[in-house]
Structures are given as C-alpha cells and as structure tokens.
>>> print(open('target_17.cif').read())   # mmCIF, C-alpha atoms
data_query
loop_
_atom_site.label_atom_id
_atom_site.label_comp_id
_atom_site.auth_asym_id
_atom_site.auth_seq_id
_atom_site.Cartn_x
_atom_site.Cartn_y
_atom_site.Cartn_z
CA MET L 210 11.12 16.34 52.07
CA ARG L 211 13.85 14.47 53.23
CA LYS L 212 15.68 15.05 56.41
CA LEU L 213 13.83 13.30 59.17
CA ARG L 214 14.89 13.35 62.71
CA GLY L 215 17.82 10.97 62.87
CA ILE L 216 17.30 9.87 59.28
CA GLN L 217 18.68 11.63 56.25
CA LYS L 218 15.94 11.49 53.66
CA SER L 219 17.89 13.19 50.94
CA GLY L 220 16.39 16.58 51.26
CA HIS L 221 12.96 15.22 52.06
CA GLN L 222 12.27 17.56 54.94
CA LEU L 223 13.58 20.58 53.11
CA ARG L 224 11.49 19.96 50.07
CA ARG L 225 8.19 20.12 51.82
CA ARG L 226 8.76 21.76 55.07
CA GLY L 227 7.51 25.23 54.21
CA ILE L 228 4.35 23.77 52.90
CA ALA L 229 3.72 21.60 55.85
CA VAL L 230 4.28 24.45 58.21
CA LEU L 231 1.43 26.23 56.51
CA ALA L 232 -0.92 23.40 57.01
CA VAL L 233 -0.09 23.03 60.63
CA ILE L 234 -0.13 26.69 61.40
CA SER L 235 -3.26 27.38 59.50
CA GLY L 236 -6.28 26.59 61.51
CA VAL L 237 -8.14 25.63 58.45
CA SER L 238 -7.87 23.12 55.77
CA VAL L 239 -6.74 25.31 52.98
CA ILE L 240 -4.10 27.72 52.11
CA SER L 241 -4.66 30.39 54.61
CA PHE L 242 -2.62 31.28 57.52
CA SER L 243 -4.29 31.29 60.83
CA VAL L 244 -3.72 32.22 64.37
CA VAL L 245 -6.73 31.37 66.42
CA SER L 246 -9.15 33.87 67.79
CA ALA L 247 -12.06 33.18 70.02
CA SER L 248 -14.93 35.15 68.67
CA ALA L 249 -14.00 35.66 65.06
CA SER L 250 -15.74 33.42 62.60
CA PRO L 251 -13.52 30.71 61.14
CA GLN L 252 -11.46 31.56 58.12
CA PRO L 253 -10.22 29.14 55.55
CA GLN L 254 -6.67 28.14 55.96
CA HIS L 255 -4.45 25.94 54.07
CA ARG L 256 -1.55 23.67 54.05
CA TRP L 257 0.76 23.28 51.17
CA GLY L 258 -0.01 19.97 49.73
CA MET L 259 1.09 18.49 52.86
CA GLY L 260 -0.61 19.41 56.00
CA GLY L 261 -4.22 19.95 56.64
CA GLY L 262 -4.80 23.47 57.62
CA ASN L 263 -7.19 24.34 60.35
CA LYS L 264 -10.37 26.12 59.91
CA GLY L 265 -13.33 26.58 62.06
CA PRO L 266 -14.24 28.48 65.13
CA GLY L 267 -11.36 28.78 67.36
CA SER L 268 -9.06 31.00 69.19
CA VAL L 269 -6.87 32.35 66.53
CA THR L 270 -6.49 35.26 64.26
CA THR L 271 -6.21 34.26 60.72
CA THR L 272 -4.74 35.80 57.65
CA THR L 273 -6.53 34.69 54.56
CA VAL L 274 -4.52 34.58 51.39
CA ALA L 275 -6.42 35.15 48.20
CA LYS L 276 -5.73 32.79 45.38
CA ALA L 277 -4.15 34.33 42.34
CA PRO L 278 -6.36 34.95 39.35
CA SER L 279 -6.69 32.06 37.06
CA THR L 280 -3.60 31.78 34.88
CA THR L 281 -0.73 29.40 35.07
CA THR L 282 1.17 28.18 38.09
CA THR L 283 3.78 25.66 39.15
CA THR L 284 3.41 22.64 41.40
CA VAL L 285 5.53 19.67 42.37
CA ALA L 286 3.84 16.34 42.32
CA LYS L 287 3.88 12.74 41.25
CA ALA L 288 1.18 10.95 39.48
CA PRO L 289 -0.41 7.61 40.27
CA THR L 290 -1.04 4.87 37.82
CA THR L 291 -4.31 4.59 35.95
CA PRO L 292 -5.83 1.98 33.69
CA PRO L 293 -6.14 2.94 30.01
CA PRO L 294 -9.50 4.24 28.83
CA PRO L 295 -11.96 1.69 27.47
CA THR L 296 -11.47 0.74 23.86
CA THR L 297 -15.07 -0.03 23.05
CA THR L 298 -17.12 2.54 21.19
CA THR L 299 -20.83 2.91 20.58
CA PRO L 300 -21.80 3.02 16.89
CA PRO L 301 -23.55 6.20 15.77
CA PRO L 302 -27.33 6.05 15.54
CA THR L 303 -28.77 5.22 12.14
CA THR L 304 -31.43 7.92 12.30
CA THR L 305 -30.78 11.18 10.51
CA THR L 306 -32.22 13.44 13.19
CA PRO L 307 -29.66 16.23 13.77
CA PRO L 308 -28.19 16.43 17.26
CA PRO L 309 -29.63 19.04 19.61
CA THR L 310 -27.96 22.41 19.50
CA THR L 311 -28.09 22.99 23.22
CA THR L 312 -25.35 21.66 25.47
CA THR L 313 -25.32 20.80 29.13
CA PRO L 314 -22.42 22.30 31.08
CA PRO L 315 -20.22 19.73 32.84
CA SER L 316 -21.11 19.13 36.47
CA ALA L 317 -19.43 17.48 39.42
CA ASN L 318 -21.13 14.24 38.39
CA THR L 319 -19.82 14.27 34.84
CA THR L 320 -17.50 11.34 34.21
CA PRO L 321 -14.23 12.32 32.50
CA SER L 322 -13.05 10.41 29.45
CA ASN L 323 -9.76 9.39 31.10
CA SER L 324 -9.28 6.05 32.81
CA PHE L 325 -8.89 7.85 36.14
CA LEU L 326 -11.06 10.43 37.84
CA GLU L 327 -9.85 14.03 38.00
CA GLY L 328 -9.72 16.33 40.99
CA ALA L 329 -8.06 19.39 42.48
CA TYR L 330 -7.33 21.30 45.63
CA VAL L 331 -7.99 25.02 45.19
CA GLY L 332 -8.35 26.19 48.79
CA PRO L 333 -10.66 25.40 51.70
CA ALA L 334 -14.36 24.78 51.12
CA ASP L 335 -14.32 26.39 47.68
CA PRO L 336 -16.69 24.75 45.15
CA ALA L 337 -16.54 27.88 43.00
CA GLY L 338 -12.77 27.48 42.86
CA ILE L 339 -13.17 23.96 41.47
CA SER L 340 -15.46 25.33 38.77
CA ALA L 341 -12.88 27.99 37.90
CA PHE L 342 -10.16 25.32 37.76
CA SER L 343 -12.36 23.28 35.44
CA SER L 344 -12.82 26.24 33.10
CA ALA L 345 -9.13 27.16 33.12
CA THR L 346 -7.92 23.62 32.44
CA GLY L 347 -10.74 22.31 30.29
CA THR L 348 -11.15 19.35 32.67
CA LYS L 349 -14.12 17.87 34.54
CA PRO L 350 -13.07 17.37 38.16
CA THR L 351 -15.27 15.06 40.22
CA ILE L 352 -12.90 14.92 43.23
CA ALA L 353 -12.55 17.90 45.56
CA SER L 354 -9.58 17.78 47.92
CA ASP L 355 -9.64 19.54 51.26
CA TYR L 356 -8.24 19.21 54.79
CA LEU L 357 -9.70 18.98 58.25
CA PRO L 358 -8.34 21.51 60.75
CA ALA L 359 -4.98 20.41 62.13
CA SER L 360 -4.48 23.00 64.86
CA SER L 361 -7.81 23.28 66.66
CA GLY L 362 -7.56 20.20 68.82
CA TRP L 363 -9.86 17.19 68.69
CA SER L 364 -13.08 19.20 68.73
CA GLY L 365 -11.99 21.24 65.72
CA MET L 366 -11.13 18.10 63.77
CA ASP L 367 -14.07 15.80 64.52
CA GLY L 368 -16.95 18.19 63.85
CA SER L 369 -18.43 18.08 67.35
CA ASN L 370 -20.78 20.96 68.18
CA GLY L 371 -20.90 21.97 64.53
CA SER L 372 -17.20 22.83 64.32
CA LEU L 373 -17.03 21.68 60.69
CA SER L 374 -20.15 23.45 59.42
CA TRP L 375 -17.91 25.86 57.49
CA LEU L 376 -16.53 22.91 55.54
CA PHE L 377 -19.72 20.98 54.87
CA ALA L 378 -22.98 22.90 55.33
CA ASP L 379 -21.40 26.15 54.12
CA GLY L 380 -19.01 24.52 51.67
CA TRP L 381 -19.12 21.13 49.93
CA GLN L 382 -22.51 19.80 50.95
CA GLY L 383 -24.81 19.25 47.97
CA THR L 384 -22.17 20.05 45.34
CA GLY L 385 -21.90 16.49 44.02
CA TYR L 386 -18.13 16.27 44.41
CA THR L 387 -16.50 13.31 46.13
CA LEU L 388 -14.31 14.68 48.92
CA SER L 389 -10.72 13.57 49.37
CA LEU L 390 -9.99 14.75 52.91
CA GLY L 391 -6.67 15.05 54.69
CA VAL L 392 -7.33 13.87 58.27
CA PRO L 393 -4.87 15.09 60.94
CA ILE L 394 -4.73 12.07 63.25
CA ILE L 395 -2.78 13.99 65.91
CA PRO L 396 -4.07 17.56 65.97
CA THR L 397 -2.34 20.36 67.81
CA ASN L 398 -3.83 23.07 69.96
CA SER L 399 -3.65 26.79 69.21
CA ASN L 400 -0.11 26.86 70.61
CA ASN L 401 0.95 24.18 68.11
CA THR L 402 1.33 21.61 70.89
CA PRO L 403 0.25 18.06 69.91
CA VAL L 404 -2.80 16.85 71.83
CA GLY L 405 -1.84 13.19 71.53
CA THR L 406 0.76 10.66 70.37
CA LEU L 407 0.86 7.81 67.88
CA ALA L 408 1.60 5.34 70.67
CA THR L 409 -1.47 6.38 72.65
CA GLY L 410 -3.60 6.35 69.51
CA ALA L 411 -2.50 2.78 68.88
CA THR L 412 -4.19 1.75 72.14
CA GLY L 413 -7.58 2.96 70.90
CA ALA L 414 -7.68 5.88 73.33
CA TYR L 415 -8.76 8.33 70.60
CA ASN L 416 -11.30 6.13 68.83
CA SER L 417 -14.27 8.13 70.11
CA TYR L 418 -13.08 11.21 68.19
CA PHE L 419 -13.11 9.27 64.95
CA VAL L 420 -16.55 7.83 65.65
CA THR L 421 -17.71 11.44 66.06
CA LEU L 422 -15.97 12.40 62.82
CA ALA L 423 -17.65 9.53 60.98
CA GLN L 424 -21.03 10.60 62.34
CA THR L 425 -20.34 14.19 61.26
CA LEU L 426 -19.47 13.08 57.73
CA VAL L 427 -22.50 10.81 57.37
CA ALA L 428 -24.82 13.53 58.66
CA ALA L 429 -23.32 15.99 56.18
CA GLY L 430 -23.97 13.65 53.25
CA GLU L 431 -20.26 12.82 52.89
CA SER L 432 -20.47 9.11 53.70
CA HIS L 433 -18.49 8.25 50.53
CA ALA L 434 -15.52 10.50 51.29
CA ASP L 435 -11.97 9.31 50.73
CA LEU L 436 -10.00 9.79 53.95
CA ARG L 437 -6.23 10.33 53.89
CA LEU L 438 -5.43 9.38 57.48
CA GLY L 439 -2.26 11.07 58.74
CA TRP L 440 -0.97 11.82 55.24
CA GLU L 441 2.79 12.35 54.71
CA PHE L 442 3.62 10.55 57.94
CA ASP L 443 7.14 9.97 56.58
CA GLY L 444 7.99 13.67 56.95
CA ASN L 445 8.90 15.63 60.07
CA TRP L 446 6.45 18.50 59.62
CA TYR L 447 3.34 16.99 61.21
CA ALA L 448 2.52 15.95 64.74
CA TRP L 449 1.89 12.40 63.45
CA GLU L 450 5.41 11.95 62.04
CA ALA L 451 6.52 8.30 61.96
CA LEU L 452 10.28 8.40 61.48
CA THR L 453 11.47 5.46 63.56
CA PRO L 454 10.55 1.76 63.47
CA SER L 455 8.58 2.06 66.71
CA ALA L 456 6.73 5.15 65.50
CA GLU L 457 5.90 3.44 62.22
CA ALA L 458 4.53 0.43 64.09
CA SER L 459 2.39 2.73 66.24
CA TYR L 460 1.18 4.58 63.16
CA ALA L 461 0.12 1.32 61.49
CA THR L 462 -1.78 0.12 64.56
CA TYR L 463 -3.35 3.54 65.10
CA PHE L 464 -4.51 3.52 61.45
CA GLN L 465 -6.22 0.19 62.12
CA GLN L 466 -7.92 1.59 65.21
CA ILE L 467 -9.26 4.59 63.29
CA VAL L 468 -10.59 2.54 60.38
CA THR L 469 -12.29 0.08 62.71
CA ALA L 470 -13.88 2.91 64.72
CA MET L 471 -15.16 4.77 61.66
CA ARG L 472 -16.52 1.63 60.00
CA SER L 473 -18.66 1.03 63.09
CA VAL L 474 -20.87 4.03 62.25
CA PRO L 475 -24.12 3.20 60.41
CA GLY L 476 -24.32 4.62 56.90
CA GLU L 477 -20.59 4.97 56.32
CA ALA L 478 -19.04 3.98 52.99
CA PHE L 479 -15.65 5.63 53.38
CA LYS L 480 -12.53 4.78 51.41
CA PHE L 481 -9.30 4.90 53.39
CA VAL L 482 -6.11 6.17 51.78
CA TRP L 483 -2.67 5.24 53.11
CA ASN L 484 -0.65 8.22 51.88
CA PRO L 485 3.10 8.74 52.33
CA ASP L 486 5.18 10.95 50.05
CA ALA L 487 6.33 9.23 46.89
CA ASP L 488 9.98 9.54 47.92
CA ALA L 489 9.31 7.54 51.09
CA PHE L 490 9.50 4.45 48.87
CA THR L 491 13.06 5.18 47.69
CA THR L 492 14.67 6.87 50.72
CA SER L 493 17.65 4.92 51.98
CA GLY L 494 17.32 3.90 55.63
CA TYR L 495 13.55 4.34 55.77
CA SER L 496 11.19 1.35 55.56
CA VAL L 497 7.81 2.71 54.55
CA THR L 498 6.44 -0.85 54.67
CA ALA L 499 6.76 -0.82 58.47
CA ALA L 500 3.97 1.77 58.60
CA TYR L 501 1.56 -0.18 56.40
CA PRO L 502 -1.56 -1.18 58.37
CA GLY L 503 -2.51 -4.09 56.14
CA ASN L 504 -4.81 -4.59 53.15
CA ALA L 505 -7.93 -5.05 55.28
CA TYR L 506 -7.66 -1.40 56.38
CA VAL L 507 -6.57 0.26 53.13
CA ASP L 508 -8.56 0.98 49.98
CA TYR L 509 -6.01 3.08 48.08
CA ILE L 510 -2.24 3.55 48.09
CA GLY L 511 -1.81 7.31 47.95
CA LEU L 512 1.20 9.38 47.00
CA ASP L 513 2.15 13.05 46.92
CA ALA L 514 4.57 13.92 44.13
CA TYR L 515 5.67 17.43 43.19
CA ASP L 516 8.03 18.59 40.44
CA GLN L 517 11.05 19.26 42.63
CA SER L 518 14.52 17.77 42.57
CA TRP L 519 17.97 18.02 44.09
CA ALA L 520 19.56 16.18 41.19
CA THR L 521 22.39 17.69 39.14
CA PRO L 522 21.98 19.02 36.54
CA GLN L 523 18.58 20.34 37.58
CA THR L 524 16.87 20.03 34.23
CA PRO L 525 13.34 18.75 33.57
CA ALA L 526 14.60 15.61 31.82
CA ASN L 527 17.12 14.77 34.54
CA ALA L 528 14.70 15.56 37.36
CA TRP L 529 12.17 13.18 35.86
CA ALA L 530 14.66 10.40 35.15
CA SER L 531 16.58 10.55 38.41
CA THR L 532 13.92 11.63 40.91
CA MET L 533 10.31 11.26 39.87
CA GLN L 534 10.35 8.16 37.71
CA PRO L 535 12.19 5.94 40.25
CA GLU L 536 9.79 7.04 42.98
CA LEU L 537 6.70 6.40 40.88
CA ASN L 538 7.97 2.98 39.88
CA ALA L 539 8.60 2.09 43.53
CA VAL L 540 5.07 3.14 44.52
CA LYS L 541 3.65 1.18 41.59
CA SER L 542 5.50 -1.97 42.66
CA PHE L 543 4.36 -1.63 46.27
CA ALA L 544 0.72 -1.07 45.28
CA ALA L 545 0.80 -4.00 42.87
CA ALA L 546 2.18 -6.26 45.60
CA GLN L 547 -0.76 -5.29 47.81
CA GLY L 548 -3.27 -5.58 44.99
CA LYS L 549 -4.42 -2.00 45.59
CA PRO L 550 -5.15 0.85 43.15
CA MET L 551 -3.21 4.09 43.54
CA VAL L 552 -4.35 7.68 43.92
CA VAL L 553 -2.15 10.68 43.22
CA ALA L 554 -3.52 12.68 46.13
CA GLU L 555 -1.29 15.71 45.56
CA TRP L 556 0.86 16.64 42.60
CA GLY L 557 1.94 19.71 40.73
CA ILE L 558 4.61 21.77 39.07
CA ALA L 559 6.60 23.98 41.39
CA ILE L 560 8.41 27.21 41.90
CA ARG L 561 10.27 26.84 45.19
CA SER L 562 11.82 29.54 47.34
CA ASP L 563 15.01 27.47 47.57
CA GLY L 564 15.31 27.04 43.80
CA HIS L 565 14.65 23.29 43.74
CA GLY L 566 11.37 23.49 41.85
CA LEU L 567 11.52 22.97 38.09
CA GLY L 568 9.23 25.91 37.33
CA ASP L 569 7.19 25.95 34.16
CA ASP L 570 7.78 22.34 33.19
CA PRO L 571 5.40 20.85 30.58
CA LEU L 572 7.56 17.70 30.42
CA TYR L 573 6.62 16.90 34.01
CA ILE L 574 2.92 17.43 33.23
CA ASN L 575 3.06 15.25 30.11
CA ASN L 576 5.02 12.49 31.84
CA MET L 577 2.85 12.45 34.95
CA ILE L 578 -0.38 12.21 33.00
CA SER L 579 1.05 9.54 30.71
CA TRP L 580 2.19 7.55 33.74
CA MET L 581 -1.21 7.81 35.38
CA GLU L 582 -2.97 6.72 32.21
CA SER L 583 -0.69 3.70 31.91
CA ASN L 584 -1.01 2.48 35.47
CA ASN L 585 -3.63 1.51 38.01
CA VAL L 586 -4.55 5.01 39.20
CA ALA L 587 -8.09 5.54 40.48
CA TYR L 588 -7.91 9.34 40.61
CA GLU L 589 -5.58 12.31 40.69
CA SER L 590 -5.96 15.62 42.51
CA TYR L 591 -3.86 18.56 41.33
CA PHE L 592 -2.68 20.94 44.08
CA ASP L 593 -3.63 24.23 42.48
CA TYR L 594 -2.33 26.60 45.12
CA ASN L 595 0.48 29.06 45.84
CA THR L 596 1.81 28.82 49.40
CA LEU L 597 4.55 31.44 49.02
CA PRO L 598 2.35 34.39 50.10
CA VAL L 599 1.51 32.64 53.39
CA GLY L 600 5.00 31.59 54.37
CA GLY L 601 5.22 28.34 52.42
CA ASP L 602 8.02 27.43 50.05
CA THR L 603 6.16 26.39 46.89
CA ASN L 604 3.93 27.79 44.21
CA ALA L 605 2.04 25.05 42.34
CA ASP L 606 -0.85 27.19 41.13
CA ILE L 607 -1.01 26.13 37.49
CA THR L 608 -3.98 28.40 36.81
CA GLY L 609 -2.41 31.48 38.39
CA GLY L 610 -0.40 32.73 35.41
CA SER L 611 3.12 31.59 36.29
CA PHE L 612 3.13 28.39 34.23
CA PRO L 613 1.69 29.03 30.76
CA SER L 614 3.46 26.13 29.04
CA SER L 615 2.51 23.69 31.79
CA LEU L 616 -1.10 24.83 31.71
CA ALA L 617 -1.19 24.36 27.94
CA ALA L 618 0.16 20.80 28.37
CA PHE L 619 -2.38 20.11 31.11
CA ARG L 620 -5.25 21.29 28.91
CA SER L 621 -3.96 19.30 25.95
CA ASP L 622 -3.52 16.09 27.93
CA LEU L 623 -6.61 16.17 30.12
CA GLY L 624 -8.91 18.85 28.73
#
>>> encode(input="target_17.cif", output="structure tokens")
Amino acid sequence: MRKLRGIQKSGHQLRRRGIAVLAVISGVSVISFSVVSASASPQPQHRWGMGGGNKGPGSVTTTTVAKAPSTTTTTVAKAPTTPPPPTTTTPPPTTTTPPPTTTTPPSANTTPSNSFLEGAYVGPADPAGISAFSSATGTKPTIASDYLPASSGWSGMDGSNGSLSWLFADGWQGTGYTLSLGVPIIPTNSNNTPVGTLATGATGAYNSYFVTLAQTLVAAGESHADLRLGWEFDGNWYAWEALTPSAEASYATYFQQIVTAMRSVPGEAFKFVWNPDADAFTTSGYSVTAAYPGNAYVDYIGLDAYDQSWATPQTPANAWASTMQPELNAVKSFAAAQGKPMVVAEWGIAIRSDGHGLGDDPLYINNMISWMESNNVAYESYFDYNTLPVGGDTNADITGGSFPSSLAAFRSDLG
C-alpha cells in the first residue's frame, strides 16, 4: 500500500487497498463480506490481512465466502526476526525399554521446534480451520489470528451486551490458542462512517470502550491475548489512518490511552502490538517513528509483509532484493533500537488482481522463514485466506491449491 492522502507511498495504498476494503466492509473479523442486518445472526466476515472485519449481531446483510479446500495458495507478507532454536540436546535414556507405539496428536499447546511460535489466520472464529491448516502444512500453530468487528460501532467492537459471543464463547474459548487480535480503534457504523477520530481518542474520550473490551476478554478467558491496536495505521484504508505528522502524534497518544485503560482491568495480562506495514519503514516522506507511543506501551513491534512488488523486473529474486529485504532490515533496526522483539502479524504469498503479486513463489517462503529464524521474532501468523471472491485484491491462501511449490517449501521449512 502506498499512496496515502497527500503522501506518495510508492504504491502502498494500491497494494493493500482491496484487502482493507474487505475488512472494513465486512462486519466481522474474517474474510466475509457483510452488510448489516438487524435480526439475522452474525456471520463471520473478514478483512484481507489488513482490516478487521466485522462480525456480530448488527444491522447488515452478510455474504459469507467459503474458504477454498485445502491445497496451495498465494499470500504477500514479510517475516519478523526470530532467535535461532536452542542448541542444547537431551541425551537419550540409557534404558532399553522401547518407546511407546501410540502418539499424541499435536494440540494448540504443543510448542513448535522453531525459535518462534507459529500461527495463522484462516477466517473468523474458526478453530477447525487452524487444525486443517496444521494438517496441510505439517506445522503446530499455537497462535490464532482474528479481528474484532470494524463496522459495527463501539458496541460491536467492545463486546458489550454479549456482542462478541460469536468470537469467544462460540469460537476460540477453551481451544488453548493464544489470540492475536486486530483491534479497530476507530470503528465505523453500518454506513461506513467513522464513529470517532484519532484526535478525540487522544484525549481519553473513548477509554471506557477499551475498559469494556478488556473486561470482555478477561471474562472470556482471553486475558493473555496479543492486541494489534489500530494495525496498518500507515495506510489510507482504515478509519484510524495516520498519514500526517499531527495524525501520527494523535495515534501515538491514543495508543497510550488505550493501553493504560486496558491495563487498569483486574486479571489482564495483554501484550500490545504496534503494527504498521513493513513498507512504512522505508517509504520516503513518511516518518513511522512519529506514531510510536513509546516502549512503556509496546510489547512487540509488528509488521505485515506480503509477497508483492512494483519493482522491475518483477521476478521473485528481484522482488525480494529490492522490496522485501530492505523493508525487513528497516523493521529489524527499528525494533533493535527499541529493544523489542518482532512479530510477523501477517504475511503470505500473493496472487493479486493487478498483477503485482509474485504468485507461487517458494523463494519468498524460504527467505521469509530463514529471516525469521535468524532474527528476534517472537511469532509469525500466516494469512491463509483468499480475498478475491469477496471483492479483495489478493489471494494468499497457501493451502487452497493455487501455490503447490510454496506449500511444499512451507512444509519443508516449518513442518
């Protein structure tokens, strides 16, 4: 995504716009399209790796898009740095008793062998989808990514009156996964009109909504969730866009207000993720640092990095060298300066409607995973979803059948 109001972010807006539109339009937090409807029960909706879709009771009609059967798919993403796996090993036992022949299937609490934790987004409130992703990729995800509703106003986002029961009680509660949640800090109403501003949020006027959200999460057993507050604020596709110095300053102060409000709730143990797009760190004329709320309010430096490029020639090797690698290095330097670990909150191969996705690109998969293993990355979450059927511009569904070579690389590297 690059073109931001008044700022040319080298294709920044174009790269992600279709995806973001999904998230905002969808009344749910997944990849579903939604128009709100009063009496109908909430349907999962989605956002393309960029906006949190809206789900939950509301006044909109929704079109649910089924996820393609598990095969290969493309996604555009960048990976965070991760520490190398431990080098110590436990010597084999000296007894000669043969090992048991039964095996225990991996669960959400199984720790992967990599130095970083693994995760995925497969659609809204879909634990079974995570299990299917695990089987298709040979991995053991412990992180489940999802999104709070972005277009149902404050009451749809904060869980008041049971508005998030579809996500927790009927979805993730009791599954053992750690949630990585996209939190829309300026929701819209059913007409897509923002119900607030960054400047007003910076005054603390909306703090009560985030206290309610924290109480909702704690009551649902999600007190350890990772919260991506106003993710991708550097783009122009969300109501919380921060594209000018004054907007960035308001975003940073508003972030502080939210963290302070949510930490005031007994029982909370949230981790807060500051999460721009990876290219925000290399875009000329944009100072992502101006939106940083400070180390006291941030646990992880997040990044979203898909396999898309406007470089010429548009080959996997050139896209990596001229687009992805410089961005990842810039994020790494920023995180190191703050003394914070990174999380690759969204990443994936990509088939784009405008032709700027690299398609079935195992080089991107190999390079991303290698980069994450070599750097201070706490966890990664692959965006395993195709937004094209719901009006988005990208297919990153690596298990959907479109990316056989990339899926094979993924299984080889992480499975």
>>> resolve_selection(input="target_17.cif", expression="the PyMOL selection byres ((chain L and resi 497) around 10)", output="count of residues only")
21
>>> residues_around(input="target_17.cif", residues="region 417-427 of chain L", least_positions_apart="6", cutoff="7 Å", atoms="all atoms listed in the file", output="PyMOL selection string")
chain L and resi 363+367-369+467+470-471+474+476-477
>>> resolve_selection(input="target_17.cif", expression="the PyMOL selection byres ((chain L and resi 577) around 10)", output="number ranges by chain")
L: 286-290, 514, 516, 529, 533-534, 537, 553, 556-557, 571-576, 578-583
>>> residues_around(input="target_17.cif", residues="region 376-380 of chain L", least_positions_apart="3", cutoff="7 Å", atoms="all atoms listed in the file", output="list of chain:residue names")
L:Ala334, L:Asp335, L:Pro336, L:Leu373, L:Ala429
>>> closest_residue(input="target_17.cif", among="L:Asn370, L:Thr469, L:Asn538, L:Thr406", to="Ala456 (chain L)", atoms="only C-alpha atoms")
L:Thr406
>>> closest_residue(input="target_17.cif", among="L:Ser361, L:Leu567, L:Ala505, L:Ser389", to="Ala520 (chain L)", atoms="only C-alpha atoms")
L:Leu567
>>> closest_residue(input="target_17.cif", among="L:Ser324, L:Asn416, L:Thr453, L:Ser432", to="Gln465 (chain L)", atoms="only C-alpha atoms")
L:Asn416
>>> residues_around(input="target_17.cif", residues="Asp569 (chain L)", least_positions_apart="3", cutoff="12 Å", atoms="only C-alpha atoms", output="PyMOL selection string")
chain L and resi 281-285+516-517+524-525+557-561+566+572-574+604-619
>>> residues_around(input="target_17.cif", residues="Ala478 (chain L)", least_positions_apart="5", cutoff="8 Å", atoms="only C-alpha atoms", output="count of residues only")
4
>>> atom_distance(input="target_17.cif", atom1="CA of Leu512 (chain L)", atom2="CA of Ser562 (chain L)")
22.8 Å
>>> resolve_selection(input="target_17.cif", expression="the PyMOL selection byres ((chain L and resi 330) around 9)", output="PDB file with C-alpha atoms, keeping the file's coordinate frame")
ATOM      1  CA  VAL L 239      -6.740  25.310  52.980  1.00  0.00           C
ATOM      2  CA  GLY L 258      -0.010  19.970  49.730  1.00  0.00           C
ATOM      3  CA  GLY L 328      -9.720  16.330  40.990  1.00  0.00           C
ATOM      4  CA  ALA L 329      -8.060  19.390  42.480  1.00  0.00           C
ATOM      5  CA  VAL L 331      -7.990  25.020  45.190  1.00  0.00           C
ATOM      6  CA  GLY L 332      -8.350  26.190  48.790  1.00  0.00           C
ATOM      7  CA  PRO L 333     -10.660  25.400  51.700  1.00  0.00           C
ATOM      8  CA  ASP L 335     -14.320  26.390  47.680  1.00  0.00           C
ATOM      9  CA  GLY L 338     -12.770  27.480  42.860  1.00  0.00           C
ATOM     10  CA  ILE L 339     -13.170  23.960  41.470  1.00  0.00           C
ATOM     11  CA  ILE L 352     -12.900  14.920  43.230  1.00  0.00           C
ATOM     12  CA  ALA L 353     -12.550  17.900  45.560  1.00  0.00           C
ATOM     13  CA  SER L 354      -9.580  17.780  47.920  1.00  0.00           C
ATOM     14  CA  ASP L 355      -9.640  19.540  51.260  1.00  0.00           C
ATOM     15  CA  GLU L 555      -1.290  15.710  45.560  1.00  0.00           C
ATOM     16  CA  SER L 590      -5.960  15.620  42.510  1.00  0.00           C
ATOM     17  CA  TYR L 591      -3.860  18.560  41.330  1.00  0.00           C
ATOM     18  CA  PHE L 592      -2.680  20.940  44.080  1.00  0.00           C
ATOM     19  CA  ASP L 593      -3.630  24.230  42.480  1.00  0.00           C
ATOM     20  CA  TYR L 594      -2.330  26.600  45.120  1.00  0.00           C
TER      21      TYR L 594
END
>>> atom_distance(input="target_17.cif", atom1="CA of Asn401 (chain L)", atom2="CA of Gly600 (chain L)")
16.1 Å
>>> atom_distance(input="target_17.cif", atom1="CA of Leu623 (chain L)", atom2="CA of Asn527 (chain L)")
24.2 Å
>>> closest_residue(input="target_17.cif", among="L:Leu326, L:Val404, L:Ile394, L:Val586", to="Val540 (chain L)", atoms="only C-alpha atoms")
L:Val586
>>> closest_residue(input="target_17.cif", among="L:Ser399, L:Gln523, L:Ser455, L:Asn484", to="Gly439 (chain L)", atoms="only C-alpha atoms")
L:Asn484
>>> build_atoms(input="target_17.cif", residues="region 438-451 of chain L", atoms="N, CA and C atoms", output="compact mmCIF listing (two decimals), in the coordinates of the input")
# COMPACT_ATOMS: atom_id res chain seq x y z
N LEU L 438 -5.74 9.36 56.05
CA LEU L 438 -5.43 9.38 57.48
C LEU L 438 -3.95 9.65 57.73
N GLY L 439 -3.65 10.77 58.39
CA GLY L 439 -2.26 11.07 58.74
C GLY L 439 -1.34 11.06 57.53
N TRP L 440 -1.75 11.80 56.47
CA TRP L 440 -0.97 11.82 55.24
C TRP L 440 0.44 12.34 55.50
N GLU L 441 1.38 11.93 54.65
CA GLU L 441 2.79 12.35 54.71
C GLU L 441 3.40 12.09 56.08
N PHE L 442 3.09 10.93 56.63
CA PHE L 442 3.62 10.55 57.94
C PHE L 442 5.13 10.34 57.92
N ASP L 443 5.70 10.20 56.71
CA ASP L 443 7.14 9.97 56.58
C ASP L 443 7.95 11.25 56.69
N GLY L 444 7.29 12.40 56.82
CA GLY L 444 7.99 13.67 56.95
C GLY L 444 8.02 14.12 58.40
N ASN L 445 8.79 15.16 58.68
CA ASN L 445 8.90 15.63 60.07
C ASN L 445 8.17 16.94 60.30
N TRP L 446 7.16 17.23 59.50
CA TRP L 446 6.45 18.50 59.62
C TRP L 446 5.08 18.36 60.26
N TYR L 447 4.65 17.16 60.58
CA TYR L 447 3.34 16.99 61.21
C TYR L 447 3.49 16.31 62.56
N ALA L 448 2.49 16.53 63.39
CA ALA L 448 2.52 15.95 64.74
C ALA L 448 2.44 14.43 64.70
N TRP L 449 2.01 13.86 63.57
CA TRP L 449 1.89 12.40 63.45
C TRP L 449 3.08 11.79 62.71
N GLU L 450 4.22 12.47 62.73
CA GLU L 450 5.41 11.95 62.04
C GLU L 450 5.76 10.56 62.55
N ALA L 451 6.14 9.67 61.62
CA ALA L 451 6.52 8.30 61.96
C ALA L 451 7.89 8.04 61.33
